[in-house]
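Taking it in order: structure first as structure tokens, then the write-up.
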Amino acid sequence: MAKKSKIAKDAERRKIVARYADRRAELKERIRAGSPDEVALAVRELAALPRDASPTRLRNRDVVDGRPRGHLTRFGLSRVRFRAMAHDGQLPGVTKSSW
């Protein structure tokens, strides 16, 4: 299980990303389609936003215990937790294959 502080920090980052998402999208559009003066101003405004407002700073974590590595996006679980839950029959439609 991940440290509680890392899980809490990731949750806080997700809130900040959501809070600034519209503003970042607006600035990115101004950078893409603006005149050189507008672009320079938009770049400065974008740089002034908090670092944690960038979605690239998010980390995919296991929803059960917060493990950061081996994340399976389809299930939102780490490979370790996925295997344990699949063996216990807690994931509907998932069966162990054997051949």
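The chains in the structure tokens are called A, B, ... from first to last as shown; in each chain the residues are counted from 1, and the ligands are counted from 1 in the order shown.
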What residues in chain A get the DSSP label helix (DSSP H, G or I)? Please answer as number ranges by chain. A: 4-33, 36-48, 51-53, 55-57, 79-87
Quick one: write out the picked residues with C-alpha atoms as an mmCIF file, in the first residue's frame?
```
data_model
loop_
_atom_site.group_PDB
_atom_site.id
_atom_site.type_symbol
_atom_site.label_atom_id
_atom_site.label_comp_id
_atom_site.auth_asym_id
_atom_site.auth_seq_id
_atom_site.Cartn_x
_atom_site.Cartn_y
_atom_site.Cartn_z
ATOM 1 C CA LYS A 4 -1.248 7.967 2.909
ATOM 2 C CA SER A 5 0.516 11.251 2.172
ATOM 3 C CA LYS A 6 1.123 10.276 -1.472
ATOM 4 C CA ILE A 7 -2.511 9.249 -1.917
ATOM 5 C CA ALA A 8 -3.691 12.516 -0.364
ATOM 6 C CA LYS A 9 -1.300 14.596 -2.490
ATOM 7 C CA ASP A 10 -2.537 12.879 -5.650
ATOM 8 C CA ALA A 11 -6.158 13.574 -4.702
ATOM 9 C CA GLU A 12 -5.303 17.243 -4.102
ATOM 10 C CA ARG A 13 -3.570 17.435 -7.494
ATOM 11 C CA ARG A 14 -6.655 16.015 -9.191
ATOM 12 C CA LYS A 15 -8.780 18.789 -7.639
ATOM 13 C CA ILE A 16 -6.314 21.466 -8.785
ATOM 14 C CA VAL A 17 -6.187 20.054 -12.338
ATOM 15 C CA ALA A 18 -9.995 20.102 -12.505
ATOM 16 C CA ARG A 19 -10.128 23.648 -11.114
ATOM 17 C CA TYR A 20 -7.759 25.053 -13.759
ATOM 18 C CA ALA A 21 -8.740 22.838 -16.730
ATOM 19 C CA ASP A 22 -10.935 25.445 -18.465
ATOM 20 C CA ARG A 23 -8.381 28.226 -17.973
ATOM 21 C CA ARG A 24 -5.553 26.056 -19.321
ATOM 22 C CA ALA A 25 -7.621 25.055 -22.363
ATOM 23 C CA GLU A 26 -8.419 28.706 -23.094
ATOM 24 C CA LEU A 27 -4.751 29.720 -22.838
ATOM 25 C CA LYS A 28 -3.629 26.788 -24.990
ATOM 26 C CA GLU A 29 -6.122 27.831 -27.680
ATOM 27 C CA ARG A 30 -4.865 31.438 -27.554
ATOM 28 C CA ILE A 31 -1.296 30.151 -27.935
ATOM 29 C CA ARG A 32 -2.283 27.974 -30.885
ATOM 30 C CA ALA A 33 -4.254 30.549 -32.858
ATOM 31 C CA PRO A 36 2.690 36.808 -31.698
ATOM 32 C CA ASP A 37 1.888 39.406 -29.018
ATOM 33 C CA GLU A 38 -1.136 37.445 -27.790
ATOM 34 C CA VAL A 39 0.892 34.242 -27.801
ATOM 35 C CA ALA A 40 3.628 35.789 -25.644
ATOM 36 C CA LEU A 41 1.057 37.063 -23.157
ATOM 37 C CA ALA A 42 -0.779 33.712 -23.058
ATOM 38 C CA VAL A 43 2.487 31.822 -22.506
ATOM 39 C CA ARG A 44 3.313 34.083 -19.553
ATOM 40 C CA GLU A 45 -0.177 33.573 -18.090
ATOM 41 C CA LEU A 46 0.085 29.817 -18.567
ATOM 42 C CA ALA A 47 3.459 29.769 -16.820
ATOM 43 C CA ALA A 48 1.950 31.743 -13.922
ATOM 44 C CA ARG A 51 2.529 23.624 -11.424
ATOM 45 C CA ASP A 52 0.003 21.117 -10.133
ATOM 46 C CA ALA A 53 -2.583 22.514 -12.571
ATOM 47 C CA PRO A 55 -2.524 17.133 -15.991
ATOM 48 C CA THR A 56 0.889 15.613 -16.750
ATOM 49 C CA ARG A 57 1.673 15.808 -13.030
ATOM 50 C CA ARG A 79 -1.508 -5.793 -11.398
ATOM 51 C CA VAL A 80 -1.101 -7.222 -7.887
ATOM 52 C CA ARG A 81 -4.569 -6.149 -6.690
ATOM 53 C CA PHE A 82 -6.126 -7.208 -10.029
ATOM 54 C CA ARG A 83 -4.750 -10.728 -9.693
ATOM 55 C CA ALA A 84 -5.920 -11.084 -6.093
ATOM 56 C CA MET A 85 -9.422 -9.786 -6.848
ATOM 57 C CA ALA A 86 -9.731 -11.910 -9.991
ATOM 58 C CA HIS A 87 -8.773 -15.065 -8.073
#
```
How many Å lie between CA of Leu49 in chain A and CA of His71 in chain A, rounded to one decimal?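 Between CA of Leu49 in chain A and CA of His71 in chain A the gap is 28.8 Å.
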Could you list, as a list in words, every residue within 12 Å of Leu77 in chain A, counting only C-alpha atoms and ignoring same-chain residues fewer than 6 positions away?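 The contact residues come out as Asn60, Arg61, Asp62, Val63, Val64, Asp65, Gly66, Arg67, Pro68, Arg69, Gly70, His71, Arg83, Ala84, Met85, Ala86 and Leu91 of chain A.
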Using DSSP on the backbone coordinates, identify the residues of chain A assigned to strand (DSSP E or B); present them as a VMD selection string. chain A and resid 71 to 72 77 to 78
State, in Å with one decimal place, the distance from CA of Ser97 in chain A to CA of Gly76 in chain A.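 Separation of CA of Ser97 in chain A and CA of Gly76 in chain A: 20.8 Å.
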